[in-house]
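J.: Below is protein.cif; it holds mmCIF, C-alpha atoms.
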data_target
#
loop_
_atom_site.label_atom_id
_atom_site.label_comp_id
_atom_site.auth_asym_id
_atom_site.auth_seq_id
_atom_site.Cartn_x
_atom_site.Cartn_y
_atom_site.Cartn_z
CA MET A 166 72.73 101.99 114.34
CA ALA A 167 75.75 102.17 112.00
CA ARG A 168 74.72 105.59 110.70
CA GLU A 169 75.40 106.86 114.22
CA PHE A 170 79.02 105.74 113.78
CA ASP A 171 81.46 108.66 114.00
CA LEU A 172 82.76 108.93 110.43
CA ALA A 173 85.40 111.41 111.57
CA SER A 174 87.16 108.52 113.34
CA LEU A 175 88.07 107.25 109.85
CA HIS A 176 89.81 110.49 108.85
CA THR A 177 93.23 109.14 109.75
CA VAL A 178 95.78 106.40 109.10
CA HIS A 179 94.22 102.90 109.15
CA LEU A 180 97.01 100.69 110.43
CA VAL A 181 97.06 97.02 109.42
CA PRO A 182 99.21 95.44 112.15
CA LEU A 183 101.40 92.49 111.31
CA THR A 184 100.49 89.21 113.01
CA ALA A 185 103.02 87.83 115.47
CA PHE A 186 103.76 84.09 115.50
CA LYS A 187 105.82 82.01 117.92
CA ALA A 188 108.38 79.47 116.75
CA ASP A 189 105.69 76.75 116.86
CA GLY A 190 103.45 78.76 114.52
CA THR A 191 100.85 79.80 117.11
CA LEU A 192 99.95 83.42 117.82
CA ASN A 193 102.39 85.41 119.93
CA LEU A 194 99.91 87.63 121.73
CA GLU A 195 102.55 89.21 123.97
CA ALA A 196 104.47 90.55 120.97
CA GLN A 197 101.19 91.55 119.34
CA ALA A 198 100.22 93.61 122.37
CA ALA A 199 103.65 95.24 122.48
CA LEU A 200 103.36 96.40 118.87
CA THR A 201 99.82 97.66 119.44
CA ARG A 202 100.92 99.70 122.44
CA ARG A 203 103.81 101.14 120.42
CA LEU A 204 101.49 102.12 117.56
CA TYR A 205 98.91 103.62 119.89
CA ALA A 206 101.58 105.67 121.65
CA ALA A 207 102.65 107.02 118.24
CA GLY A 208 99.13 108.30 117.60
CA ILE A 209 97.52 105.45 115.65
CA ARG A 210 93.80 105.30 116.45
CA CYS A 211 92.35 103.12 113.69
CA PHE A 212 93.36 99.44 113.56
CA LEU A 213 92.57 96.71 111.02
CA PRO A 214 93.94 93.60 112.79
CA ALA A 215 93.95 90.28 110.93
CA ALA A 216 93.45 91.99 107.53
CA GLY A 217 95.54 91.52 104.37
CA THR A 218 99.00 92.48 105.62
CA SER A 219 98.04 90.63 108.82
CA GLU A 220 97.82 87.37 106.79
CA PHE A 221 94.00 87.16 106.84
CA HIS A 222 93.81 84.20 104.47
CA SER A 223 96.00 82.03 106.73
CA LEU A 224 94.10 82.79 109.95
CA SER A 225 91.32 80.79 111.57
CA ALA A 226 88.21 82.41 112.99
CA ASP A 227 89.59 81.81 116.50
CA GLU A 228 92.83 83.58 115.59
CA ILE A 229 91.01 86.55 114.06
CA VAL A 230 88.96 86.97 117.22
CA ALA A 231 92.07 86.66 119.41
CA LEU A 232 93.83 89.37 117.39
CA VAL A 233 90.83 91.67 117.71
CA ARG A 234 90.70 91.08 121.46
CA VAL A 235 94.40 91.78 122.05
CA THR A 236 94.20 94.91 119.90
CA ARG A 237 91.31 96.19 121.98
CA GLU A 238 93.05 95.37 125.26
CA ALA A 239 96.39 96.92 124.24
CA SER A 240 94.96 100.12 122.73
CA GLY A 241 92.94 102.91 124.29
CA SER A 242 89.19 103.24 124.56
CA ASP A 243 89.29 105.79 121.72
CA ALA A 244 90.79 103.30 119.25
CA VAL A 245 88.56 102.23 116.35
CA ILE A 246 88.91 98.58 115.32
CA PHE A 247 87.50 96.90 112.21
CA SER A 248 87.73 93.12 111.94
CA PRO A 249 88.08 91.50 108.48
CA VAL A 250 85.44 89.13 107.14
CA GLY A 251 85.43 87.05 103.98
CA LEU A 252 85.89 83.46 102.79
CA GLN A 253 82.87 81.18 103.25
CA LEU A 254 79.61 82.89 104.17
CA ALA A 255 79.29 81.08 107.51
CA HIS A 256 82.91 81.90 108.38
CA ALA A 257 82.28 85.60 107.68
CA ILE A 258 79.19 85.73 109.86
CA GLU A 259 80.75 83.75 112.71
CA SER A 260 84.03 85.67 112.80
CA GLY A 261 82.19 88.97 112.38
CA ARG A 262 79.81 88.38 115.28
CA ARG A 263 82.54 87.03 117.54
CA SER A 264 84.88 89.91 116.70
CA ILE A 265 82.24 92.47 117.63
CA ALA A 266 81.76 90.67 120.94
CA ALA A 267 85.55 90.72 121.44
CA GLY A 268 85.77 94.49 121.06
CA ALA A 269 85.70 95.37 117.36
CA ASP A 270 83.71 98.45 116.39
CA GLY A 271 82.85 97.07 112.98
CA ILE A 272 83.74 94.66 110.18
CA MET A 273 85.60 95.07 106.91
CA PHE A 274 84.76 92.95 103.88
CA MET A 275 87.99 91.63 102.42
CA PRO A 276 88.24 91.17 98.63
CA LEU A 277 86.45 87.92 97.86
CA SER A 278 88.72 85.17 96.54
CA HIS A 279 85.97 82.89 95.21
CA PRO A 280 86.02 81.96 91.50
CA TYR A 281 83.24 82.97 89.09
CA LEU A 282 82.39 86.22 90.85
CA CYS A 283 79.82 88.73 89.67
CA ASP A 284 78.04 91.73 91.17
CA VAL A 285 74.81 89.81 91.62
CA GLY A 286 76.35 87.07 93.74
CA MET A 287 78.58 89.47 95.64
CA ARG A 288 75.59 91.65 96.48
CA ASP A 289 73.84 88.65 98.03
CA TYR A 290 76.97 87.82 100.04
CA TYR A 291 77.42 91.35 101.37
CA MET A 292 73.76 91.82 102.23
CA THR A 293 73.54 88.48 104.04
CA VAL A 294 76.56 89.28 106.22
CA LEU A 295 75.48 92.87 106.86
CA ASP A 296 72.03 91.79 107.99
CA ALA A 297 73.42 88.96 110.15
CA VAL A 298 76.26 90.82 111.90
CA LYS A 299 74.51 94.20 112.26
CA ALA A 300 77.63 96.32 112.77
CA PRO A 301 79.32 99.25 110.99
CA ALA A 302 81.03 97.95 107.87
CA LEU A 303 83.72 98.87 105.37
CA VAL A 304 83.86 97.31 101.89
CA TYR A 305 87.31 96.67 100.37
CA LYS A 306 87.63 97.09 96.58
CA LYS A 307 90.88 95.86 95.04
CA ASP A 308 89.62 94.59 91.68
CA PRO A 309 87.00 95.53 89.08
CA LEU A 310 84.45 93.68 91.24
CA PRO A 311 82.60 94.85 93.22
CA SER A 312 81.74 97.43 90.59
CA ASN A 313 81.40 101.08 91.47
CA ALA A 314 77.67 100.74 90.82
CA LEU A 315 77.42 97.99 93.44
CA LEU A 316 79.45 100.05 95.91
CA LEU A 317 77.00 102.94 95.50
CA GLU A 318 74.12 100.53 96.07
CA LEU A 319 75.79 99.12 99.19
CA ALA A 320 76.30 102.69 100.44
CA LYS A 321 72.54 102.85 100.96
CA HIS A 322 72.65 100.05 103.53
CA PRO A 323 72.49 101.56 107.04
CA SER A 324 75.49 99.49 108.22
CA VAL A 325 77.91 100.54 105.48
CA VAL A 326 80.06 103.46 106.65
CA GLY A 327 82.86 103.43 104.10
CA VAL A 328 84.74 101.88 101.20
CA LYS A 329 88.42 100.95 101.25
CA TYR A 330 89.22 101.68 97.61
CA ALA A 331 92.37 100.08 96.22
CA TRP A 332 91.45 99.90 92.53
CA ASN A 333 93.86 102.63 91.49
CA GLN A 334 91.82 104.21 88.72
CA MET A 335 91.64 107.76 89.96
CA HIS A 336 89.01 109.07 87.57
CA GLU A 337 86.72 106.15 88.49
CA PHE A 338 87.33 106.83 92.18
CA ARG A 339 86.58 110.54 91.88
CA SER A 340 83.47 109.94 89.78
CA THR A 341 82.16 107.43 92.32
CA VAL A 342 82.82 109.74 95.25
CA LEU A 343 80.88 112.49 93.49
CA ALA A 344 78.02 110.08 92.73
CA ASP A 345 77.63 109.03 96.39
CA ARG A 346 74.45 110.53 97.88
CA GLU A 347 74.71 108.69 101.22
CA GLY A 348 77.76 110.49 102.60
CA ILE A 349 79.85 107.44 103.48
CA GLU A 350 83.65 107.60 103.65
CA TRP A 351 85.71 106.80 100.55
CA LEU A 352 89.16 105.75 101.77
CA CYS A 353 92.49 105.04 100.10
CA GLY A 354 93.23 101.33 100.37
CA SER A 355 96.58 101.53 98.58
CA ALA A 356 98.74 102.98 101.36
CA GLU A 357 101.31 105.75 101.17
CA ARG A 358 102.25 105.35 97.49
CA PHE A 359 98.78 106.46 96.39
CA ALA A 360 97.40 108.24 99.46
CA PRO A 361 98.19 111.84 98.35
CA TYR A 362 96.31 111.39 95.09
CA TYR A 363 93.32 109.73 96.72
CA MET A 364 93.19 112.51 99.29
CA LEU A 365 93.10 115.12 96.52
CA ALA A 366 90.19 113.17 95.01
CA GLY A 367 88.15 113.00 98.21
CA SER A 368 89.64 110.44 100.59
CA ARG A 369 90.23 111.58 104.17
CA GLY A 370 92.03 108.46 105.38
CA TYR A 371 94.33 105.75 104.08
CA THR A 372 95.56 102.31 105.08
CA SER A 373 99.17 101.66 106.03
CA GLY A 374 101.43 98.68 106.47
CA ALA A 375 104.63 100.74 106.59
CA GLY A 376 103.25 102.32 109.76
CA ASN A 377 104.18 99.12 111.59
CA VAL A 378 107.77 100.34 111.23
CA CYS A 379 107.42 104.14 111.09
CA PRO A 380 104.09 105.17 112.65
CA HIS A 381 105.22 108.73 113.44
CA LEU A 382 106.24 109.33 109.83
CA THR A 383 102.97 108.15 108.33
CA MET A 384 100.91 110.05 110.91
CA ALA A 385 102.88 113.19 110.05
CA MET A 386 102.27 112.56 106.36
CA HIS A 387 98.52 112.25 106.90
CA THR A 388 98.40 115.34 109.11
CA ALA A 389 100.20 117.44 106.51
CA LEU A 390 98.06 116.25 103.59
CA ALA A 391 94.83 116.69 105.55
CA ALA A 392 95.87 120.27 106.30
CA GLY A 393 96.56 120.98 102.62
CA GLU A 394 100.32 121.17 103.23
CA TYR A 395 101.10 119.08 100.18
CA SER A 396 104.82 119.79 99.91
CA GLU A 397 105.32 118.70 103.50
CA GLY A 398 103.10 115.68 103.03
CA MET A 399 105.04 114.60 99.95
CA ARG A 400 108.31 115.08 101.81
CA TYR A 401 107.16 112.51 104.37
CA GLN A 402 105.91 110.27 101.58
CA GLN A 403 109.35 110.23 99.99
CA LEU A 404 110.85 109.08 103.29
CA ILE A 405 108.39 106.18 103.48
CA ILE A 406 108.33 105.23 99.78
CA PRO A 407 111.39 102.89 99.84
CA ILE A 408 109.43 100.56 102.14
CA GLU A 409 106.42 100.61 99.83
CA ASP A 410 108.47 100.13 96.68
CA TYR A 411 110.27 97.15 98.21
CA ARG A 412 107.00 95.54 99.32
CA ALA A 413 105.63 95.91 95.79
CA ARG A 414 108.42 93.91 94.16
CA GLN A 415 107.65 90.71 92.29
CA GLY A 416 103.90 91.13 92.25
CA ASP A 417 103.68 92.39 95.85
CA SER A 418 105.03 89.04 97.06
CA LEU A 419 107.42 90.76 99.48
CA ASN A 420 104.59 92.71 101.11
CA ILE A 421 104.43 90.85 104.42
CA SER A 422 107.87 89.22 104.73
CA MET A 423 109.61 92.57 104.20
CA LEU A 424 107.65 94.23 107.00
CA LYS A 425 108.18 91.29 109.36
CA HIS A 426 111.93 91.59 108.97
CA ALA A 427 111.70 95.36 109.35
CA VAL A 428 109.76 95.05 112.61
CA LYS A 429 112.30 92.53 113.86
CA ILE A 430 115.01 95.16 113.31
CA THR A 431 113.04 97.49 115.62
CA GLY A 432 113.15 94.87 118.40
CA LEU A 433 109.97 92.82 117.93
CA ASP A 434 110.31 89.28 116.54
CA PHE A 435 107.01 88.42 114.84
CA GLY A 436 108.27 85.16 113.35
CA PRO A 437 108.12 84.30 109.65
CA ALA A 438 105.05 84.78 107.49
CA ARG A 439 102.91 81.68 107.07
CA ALA A 440 102.97 79.74 103.81
CA PRO A 441 102.24 80.43 101.02
CA GLN A 442 103.84 83.80 101.77
CA ARG A 443 107.46 83.86 100.60
CA GLN A 444 110.46 83.86 102.91
CA LEU A 445 113.38 86.25 102.55
CA THR A 446 116.87 85.34 101.40
CA ALA A 447 119.90 86.48 103.36
CA ALA A 448 120.69 88.99 100.61
CA GLU A 449 117.17 90.44 100.81
CA MET A 450 117.45 90.80 104.58
CA THR A 451 120.70 92.72 104.21
CA GLU A 452 119.15 94.95 101.55
CA ILE A 453 116.17 95.72 103.81
CA GLU A 454 118.45 96.55 106.73
CA THR A 455 120.35 99.06 104.59
CA LEU A 456 117.15 100.54 103.17
CA LEU A 457 115.69 101.08 106.64
CA LYS A 458 118.58 102.98 108.22
CA PRO A 459 117.57 106.49 107.07
CA ILE A 460 113.88 105.74 107.61
CA LEU A 461 114.37 104.57 111.19
CA ALA A 462 116.62 107.57 111.85
CA ALA A 463 113.89 109.93 110.62
CA GLU A 464 111.28 108.03 112.65
CA ALA A 465 113.38 108.30 115.80
CA GLU A 466 113.93 112.01 115.25
CA LEU A 467 110.22 112.64 114.69
CA SER A 468 109.30 110.49 117.68
CA GLY A 469 111.61 112.58 119.85
CA GLU A 470 110.14 115.82 118.52
CA SER A 471 106.60 114.59 119.19
CA ALA A 472 107.48 113.54 122.73
CA ALA A 473 109.14 116.89 123.43
CA LEU A 474 106.02 118.71 122.22
CA GLY A 475 103.67 116.37 124.05
CA LEU A 476 102.10 115.23 120.75
CA SER A 477 102.59 111.47 120.94
CA GLY A 478 99.28 109.72 121.39
CA HIS A 479 97.31 112.61 119.86
#
What would you get if you wrote out this structure as C-alpha coordinates?
T.:
Amino acid sequence: MAREFDLASLHTVHLVPLTAFKADGTLNLEAQAALTRRLYAAGIRCFLPAAGTSEFHSLSADEIVALVRVTREASGSDAVIFSPVGLQLAHAIESGRRSIAAGADGIMFMPLSHPYLCDVGMRDYYMTVLDAVKAPALVYKKDPLPSNALLLELAKHPSVVGVKYAWNQMHEFRSTVLADREGIEWLCGSAERFAPYYMLAGSRGYTSGAGNVCPHLTMAMHTALAAGEYSEGMRYQQLIIPIEDYRARQGDSLNISMLKHAVKITGLDFGPARAPQRQLTAAEMTEIETLLKPILAAEAELSGESAALGLSGH
(Lines of atoms letter the chains of each structure in order from A and count residues from 1; the text may use other names and numbers.)
(Lines give C-alpha, C1' and ligand atoms only; values in the text may rest on other atoms or scores of the structure.)
Protein backbone atom coordinates (compact mmCIF):
# COMPACT_ATOMS: atom_id res chain seq x y z
CA MET A 1 0.00 0.00 0.00
CA ALA A 2 2.04 2.97 1.28
CA ARG A 3 5.31 1.39 0.13
CA GLU A 4 3.98 1.84 -3.41
CA PHE A 5 3.87 5.59 -2.77
CA ASP A 6 6.17 7.52 -5.12
CA LEU A 7 8.90 8.78 -2.79
CA ALA A 8 10.28 10.97 -5.57
CA SER A 9 7.18 13.17 -5.20
CA LEU A 10 8.67 14.30 -1.86
CA HIS A 11 11.93 15.49 -3.45
CA THR A 12 10.74 19.08 -3.62
CA VAL A 13 9.46 22.05 -1.63
CA HIS A 14 6.67 21.09 0.80
CA LEU A 15 4.51 24.19 0.98
CA VAL A 16 2.49 24.85 4.13
CA PRO A 17 -0.24 27.22 2.89
CA LEU A 18 -1.59 29.87 5.20
CA THR A 19 -5.24 29.50 6.19
CA ALA A 20 -7.61 32.20 4.97
CA PHE A 21 -10.29 33.54 7.31
CA LYS A 22 -13.19 35.90 6.64
CA ALA A 23 -13.98 38.85 8.88
CA ASP A 24 -16.38 36.65 10.89
CA GLY A 25 -13.60 34.12 11.57
CA THR A 26 -14.86 31.37 9.26
CA LEU A 27 -12.78 29.88 6.46
CA ASN A 28 -12.43 31.94 3.30
CA LEU A 29 -12.28 29.12 0.79
CA GLU A 30 -12.30 31.45 -2.22
CA ALA A 31 -9.09 33.14 -1.09
CA GLN A 32 -7.66 29.76 -0.15
CA ALA A 33 -8.27 28.44 -3.65
CA ALA A 34 -6.74 31.56 -5.19
CA LEU A 35 -3.51 31.10 -3.23
CA THR A 36 -3.39 27.40 -4.08
CA ARG A 37 -3.76 28.12 -7.78
CA ARG A 38 -1.01 30.75 -7.55
CA LEU A 39 1.35 28.33 -5.80
CA TYR A 40 0.60 25.52 -8.22
CA ALA A 41 1.25 27.80 -11.19
CA ALA A 42 4.64 28.66 -9.65
CA GLY A 43 5.59 24.98 -9.60
CA ILE A 44 4.60 23.87 -6.09
CA ARG A 45 3.52 20.23 -6.17
CA CYS A 46 3.59 19.17 -2.51
CA PHE A 47 1.08 20.78 -0.12
CA LEU A 48 0.66 20.46 3.66
CA PRO A 49 -2.65 22.31 4.22
CA ALA A 50 -3.85 22.89 7.79
CA ALA A 51 -0.38 22.14 9.26
CA GLY A 52 1.62 24.29 11.68
CA THR A 53 1.90 27.54 9.72
CA SER A 54 -1.70 26.88 8.66
CA GLU A 55 -2.77 27.21 12.34
CA PHE A 56 -3.42 23.48 12.88
CA HIS A 57 -4.04 23.79 16.61
CA SER A 58 -6.88 26.29 16.10
CA LEU A 59 -8.69 24.27 13.41
CA SER A 60 -11.58 21.85 13.84
CA ALA A 61 -11.70 18.50 12.07
CA ASP A 62 -14.31 19.94 9.69
CA GLU A 63 -12.02 22.85 8.84
CA ILE A 64 -9.03 20.58 8.24
CA VAL A 65 -11.07 18.46 5.84
CA ALA A 66 -12.39 21.56 4.05
CA LEU A 67 -8.84 22.87 3.58
CA VAL A 68 -7.71 19.53 2.17
CA ARG A 69 -10.66 19.47 -0.22
CA VAL A 70 -10.10 23.00 -1.54
CA THR A 71 -6.38 22.31 -1.96
CA ARG A 72 -7.16 19.23 -4.03
CA GLU A 73 -9.75 21.05 -6.14
CA ALA A 74 -7.54 24.10 -6.78
CA SER A 75 -4.34 22.18 -7.58
CA GLY A 76 -3.56 19.71 -10.35
CA SER A 77 -3.94 15.96 -10.33
CA ASP A 78 -0.17 15.66 -9.90
CA ALA A 79 -0.17 17.56 -6.60
CA VAL A 80 0.71 15.56 -3.48
CA ILE A 81 -1.26 16.51 -0.35
CA PHE A 82 -0.59 15.42 3.23
CA SER A 83 -3.17 16.27 5.89
CA PRO A 84 -2.02 16.91 9.49
CA VAL A 85 -3.18 14.70 12.34
CA GLY A 86 -2.61 15.06 16.07
CA LEU A 87 -4.40 16.12 19.26
CA GLN A 88 -6.75 13.51 20.76
CA LEU A 89 -6.48 10.01 19.32
CA ALA A 90 -10.08 9.96 18.06
CA HIS A 91 -9.62 13.39 16.45
CA ALA A 92 -6.51 12.17 14.62
CA ILE A 93 -8.23 9.08 13.27
CA GLU A 94 -11.41 10.93 12.26
CA SER A 95 -9.67 13.85 10.56
CA GLY A 96 -7.17 11.49 8.91
CA ARG A 97 -9.81 9.22 7.42
CA ARG A 98 -12.00 12.11 6.30
CA SER A 99 -9.04 13.95 4.77
CA ILE A 100 -8.08 10.92 2.70
CA ALA A 101 -11.67 10.73 1.46
CA ALA A 102 -11.52 14.46 0.63
CA GLY A 103 -8.46 14.05 -1.59
CA ALA A 104 -5.36 13.86 0.60
CA ASP A 105 -2.67 11.40 -0.47
CA GLY A 106 -1.52 10.81 3.08
CA ILE A 107 -1.33 12.10 6.64
CA MET A 108 1.37 13.88 8.60
CA PHE A 109 1.73 13.43 12.35
CA MET A 110 2.11 16.84 13.93
CA PRO A 111 4.32 17.19 17.04
CA LEU A 112 2.24 15.97 19.95
CA SER A 113 1.35 18.67 22.48
CA HIS A 114 0.23 16.35 25.28
CA PRO A 115 2.03 16.57 28.65
CA TYR A 116 4.05 13.68 30.11
CA LEU A 117 5.17 12.29 26.76
CA CYS A 118 7.50 9.35 26.29
CA ASP A 119 8.50 7.10 23.40
CA VAL A 120 6.40 4.22 24.70
CA GLY A 121 3.16 6.17 24.73
CA MET A 122 3.92 7.97 21.49
CA ARG A 123 4.61 4.66 19.77
CA ASP A 124 1.16 3.41 20.79
CA TYR A 125 -0.42 6.62 19.48
CA TYR A 126 1.36 6.47 16.12
CA MET A 127 0.69 2.78 15.58
CA THR A 128 -3.00 3.10 16.45
CA VAL A 129 -3.51 5.93 13.95
CA LEU A 130 -1.42 4.27 11.25
CA ASP A 131 -3.37 1.04 11.51
CA ALA A 132 -6.72 2.86 11.59
CA VAL A 133 -6.19 5.34 8.74
CA LYS A 134 -4.14 3.05 6.46
CA ALA A 135 -2.55 5.78 4.33
CA PRO A 136 0.99 6.98 3.54
CA ALA A 137 2.31 8.90 6.52
CA LEU A 138 4.98 11.41 7.48
CA VAL A 139 6.16 11.84 11.08
CA TYR A 140 7.11 15.35 12.23
CA LYS A 141 9.97 15.63 14.75
CA LYS A 142 10.48 19.05 16.34
CA ASP A 143 11.63 18.04 19.82
CA PRO A 144 13.75 15.33 21.44
CA LEU A 145 10.65 13.10 21.33
CA PRO A 146 9.97 11.06 19.31
CA SER A 147 13.52 9.81 19.67
CA ASN A 148 15.58 8.87 16.66
CA ALA A 149 15.33 5.25 17.79
CA LEU A 150 11.53 5.43 17.67
CA LEU A 151 11.64 7.08 14.24
CA LEU A 152 13.75 4.19 12.94
CA GLU A 153 11.25 1.74 14.43
CA LEU A 154 8.34 3.60 12.83
CA ALA A 155 10.20 3.51 9.49
CA LYS A 156 9.52 -0.23 9.44
CA HIS A 157 5.76 0.32 9.34
CA PRO A 158 4.52 -0.11 5.75
CA SER A 159 2.56 3.18 5.89
CA VAL A 160 5.44 5.41 6.96
CA VAL A 161 7.07 7.05 3.93
CA GLY A 162 9.08 9.83 5.53
CA VAL A 163 10.09 11.96 8.49
CA LYS A 164 9.80 15.74 8.64
CA TYR A 165 12.86 16.43 10.79
CA ALA A 166 12.98 19.82 12.51
CA TRP A 167 15.19 18.96 15.49
CA ASN A 168 18.19 20.90 14.20
CA GLN A 169 20.96 18.65 15.46
CA MET A 170 22.72 17.88 12.23
CA HIS A 171 24.96 15.08 13.45
CA GLU A 172 21.93 13.30 14.94
CA PHE A 173 20.05 13.76 11.68
CA ARG A 174 22.89 12.42 9.56
CA SER A 175 23.47 9.46 11.87
CA THR A 176 19.78 8.57 11.78
CA VAL A 177 19.61 8.82 7.99
CA LEU A 178 22.58 6.46 7.73
CA ALA A 179 20.98 4.04 10.20
CA ASP A 180 17.72 3.80 8.20
CA ARG A 181 17.45 0.41 6.48
CA GLU A 182 13.91 0.94 5.17
CA GLY A 183 14.67 3.65 2.60
CA ILE A 184 12.09 6.20 3.71
CA GLU A 185 12.54 9.92 3.04
CA TRP A 186 14.26 12.11 5.64
CA LEU A 187 13.08 15.67 5.02
CA CYS A 188 14.07 19.09 6.35
CA GLY A 189 11.24 20.43 8.50
CA SER A 190 12.98 23.72 9.32
CA ALA A 191 12.45 25.59 6.04
CA GLU A 192 14.91 27.67 4.07
CA ARG A 193 17.18 28.68 6.97
CA PHE A 194 18.32 25.09 7.46
CA ALA A 195 17.43 23.41 4.17
CA PRO A 196 20.91 23.60 2.54
CA TYR A 197 22.53 21.84 5.49
CA TYR A 198 19.86 19.16 5.70
CA MET A 199 20.19 18.55 1.97
CA LEU A 200 23.95 18.06 2.34
CA ALA A 201 23.17 15.52 5.08
CA GLY A 202 20.67 13.51 3.04
CA SER A 203 17.37 15.39 2.77
CA ARG A 204 15.90 15.75 -0.72
CA GLY A 205 13.01 18.03 0.23
CA TYR A 206 12.15 20.76 2.71
CA THR A 207 9.10 22.53 4.07
CA SER A 208 8.41 26.19 3.37
CA GLY A 209 6.19 28.91 4.74
CA ALA A 210 8.01 31.72 2.94
CA GLY A 211 6.90 30.08 -0.30
CA ASN A 212 3.43 31.51 0.33
CA VAL A 213 5.00 34.85 -0.63
CA CYS A 214 7.85 33.89 -2.97
CA PRO A 215 7.18 30.42 -4.43
CA HIS A 216 9.40 30.95 -7.48
CA LEU A 217 12.36 31.88 -5.30
CA THR A 218 12.11 28.85 -3.03
CA MET A 219 11.55 26.49 -5.97
CA ALA A 220 14.67 27.93 -7.61
CA MET A 221 16.59 27.45 -4.38
CA HIS A 222 15.56 23.81 -4.15
CA THR A 223 16.34 23.16 -7.81
CA ALA A 224 19.84 24.61 -7.45
CA LEU A 225 20.65 22.72 -4.25
CA ALA A 226 19.29 19.44 -5.63
CA ALA A 227 21.56 19.88 -8.66
CA GLY A 228 24.61 20.47 -6.46
CA GLU A 229 24.78 24.13 -7.47
CA TYR A 230 25.37 25.27 -3.91
CA SER A 231 26.51 28.82 -4.60
CA GLU A 232 23.37 29.47 -6.62
CA GLY A 233 21.20 27.78 -4.03
CA MET A 234 22.69 29.89 -1.25
CA ARG A 235 22.19 33.03 -3.33
CA TYR A 236 18.46 32.30 -3.42
CA GLN A 237 18.51 31.45 0.27
CA GLN A 238 19.95 34.87 1.09
CA LEU A 239 17.09 36.52 -0.79
CA ILE A 240 14.53 34.56 1.25
CA ILE A 241 16.29 34.69 4.64
CA PRO A 242 14.88 38.09 5.78
CA ILE A 243 11.41 36.52 5.82
CA GLU A 244 12.63 33.56 7.86
CA ASP A 245 14.61 35.68 10.28
CA TYR A 246 11.61 37.95 10.89
CA ARG A 247 9.30 34.97 11.49
CA ALA A 248 11.77 33.58 14.04
CA ARG A 249 11.70 36.68 16.25
CA GLN A 250 10.51 36.46 19.83
CA GLY A 251 10.39 32.69 20.02
CA ASP A 252 8.90 32.25 16.54
CA SER A 253 5.78 34.11 17.68
CA LEU A 254 5.72 36.18 14.47
CA ASN A 255 5.74 33.04 12.29
CA ILE A 256 2.14 33.18 11.07
CA SER A 257 1.15 36.83 11.51
CA MET A 258 4.17 38.00 9.51
CA LEU A 259 3.29 35.78 6.55
CA LYS A 260 -0.37 36.76 6.66
CA HIS A 261 0.54 40.42 6.32
CA ALA A 262 3.04 39.57 3.59
CA VAL A 263 0.42 37.68 1.59
CA LYS A 264 -1.97 40.59 2.01
CA ILE A 265 0.65 42.83 0.39
CA THR A 266 0.59 40.50 -2.63
CA GLY A 267 -3.17 41.01 -3.00
CA LEU A 268 -4.75 38.22 -0.94
CA ASP A 269 -6.38 39.15 2.38
CA PHE A 270 -6.28 36.05 4.59
CA GLY A 271 -7.54 37.84 7.70
CA PRO A 272 -5.73 37.86 11.04
CA ALA A 273 -4.30 34.77 12.69
CA ARG A 274 -6.55 33.17 15.28
CA ALA A 275 -5.81 33.57 18.98
CA PRO A 276 -3.52 32.75 20.69
CA GLN A 277 -1.35 33.77 17.73
CA ARG A 278 -0.10 37.34 18.15
CA GLN A 279 -1.29 40.28 16.09
CA LEU A 280 1.06 42.77 14.44
CA THR A 281 1.57 46.37 15.50
CA ALA A 282 1.46 49.16 12.95
CA ALA A 283 5.24 49.54 13.26
CA GLU A 284 5.75 45.84 12.56
CA MET A 285 3.54 46.03 9.49
CA THR A 286 5.59 48.91 8.12
CA GLU A 287 8.82 47.03 8.82
CA ILE A 288 7.53 43.95 6.98
CA GLU A 289 6.46 46.04 3.99
CA THR A 290 9.96 47.52 3.72
CA LEU A 291 11.62 44.13 4.18
CA LEU A 292 9.53 42.58 1.41
CA LYS A 293 10.22 45.11 -1.35
CA PRO A 294 13.45 43.54 -2.68
CA ILE A 295 12.10 40.02 -2.17
CA LEU A 296 8.92 40.67 -4.13
CA ALA A 297 10.95 42.39 -6.84
CA ALA A 298 13.18 39.32 -7.16
CA GLU A 299 10.13 37.04 -7.13
CA ALA A 300 8.48 39.05 -9.91
CA GLU A 301 11.65 38.98 -11.99
CA LEU A 302 12.04 35.23 -11.56
CA SER A 303 8.35 34.65 -12.27
CA GLY A 304 8.72 36.57 -15.53
CA GLU A 305 11.82 34.59 -16.49
CA SER A 306 10.05 31.30 -15.77
CA ALA A 307 7.02 32.31 -17.82
CA ALA A 308 9.22 33.39 -20.74
CA LEU A 309 11.00 30.03 -20.68
CA GLY A 310 7.78 28.08 -20.23
CA LEU A 311 8.96 26.75 -16.84
CA SER A 312 6.11 27.84 -14.57
CA GLY A 313 4.13 24.87 -13.38
CA HIS A 314 7.05 22.46 -13.90
J.: Which is closest to Arg412 (chain A) among A:Thr184, A:Gln197, A:Thr177, A:Ser373, if we use all atoms listed in the file?
T.: A:Ser373
J.: My list of candidates is A:Arg346, A:His222, A:Lys329, A:Arg203. Which is closest to Arg439 (chain A) when distances are computed with only C-alpha atoms?
T.: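 Going through A:Arg346, A:His222, A:Lys329, A:Arg203 one by one, the smallest distance to Arg439 (chain A) is for A:His222.
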J.: Taking the file above as input, evaluate the PyMOL selection byres ((chain A and resi 424-428) around 9) and report the hits as a VMD selection string.
T.: chain A and resid 183 to 185 218 374 to 375 377 to 378 408 412 419 to 423 429 to 438 445 450 453 to 454 457
J.: Pick the closest to Thr383 (chain A) from A:Glu357, A:Ala320, A:His256, A:Pro407: which is it, counting all atoms listed in the file?
T.: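 Among the listed residues, the smallest separation from Thr383 (chain A) belongs to A:Glu357.
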J.: With only C-alpha atoms as the atoms that count, which of A:Gly190, A:Pro459, A:Pro441, A:Pro214 lies nearest to Thr372 (chain A)?
T.: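 Using only C-alpha atoms, Thr372 (chain A) sits closest to A:Pro214.
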J.: For this file, the PyMOL selection byres ((chain A and resi 293) around 12) selects which residues, as JSON, numbers by chain?
T.: {"A": [251, 253, 254, 255, 257, 258, 286, 287, 288, 289, 290, 291, 292, 294, 295, 296, 297, 298, 299, 319, 322, 324]}
J.: How many Å separate CA of His176 (chain A) from CA of Val250 (chain A)?
T.: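 So the two atoms, CA of His176 (chain A) and CA of Val250 (chain A), lie 21.9 Å apart.
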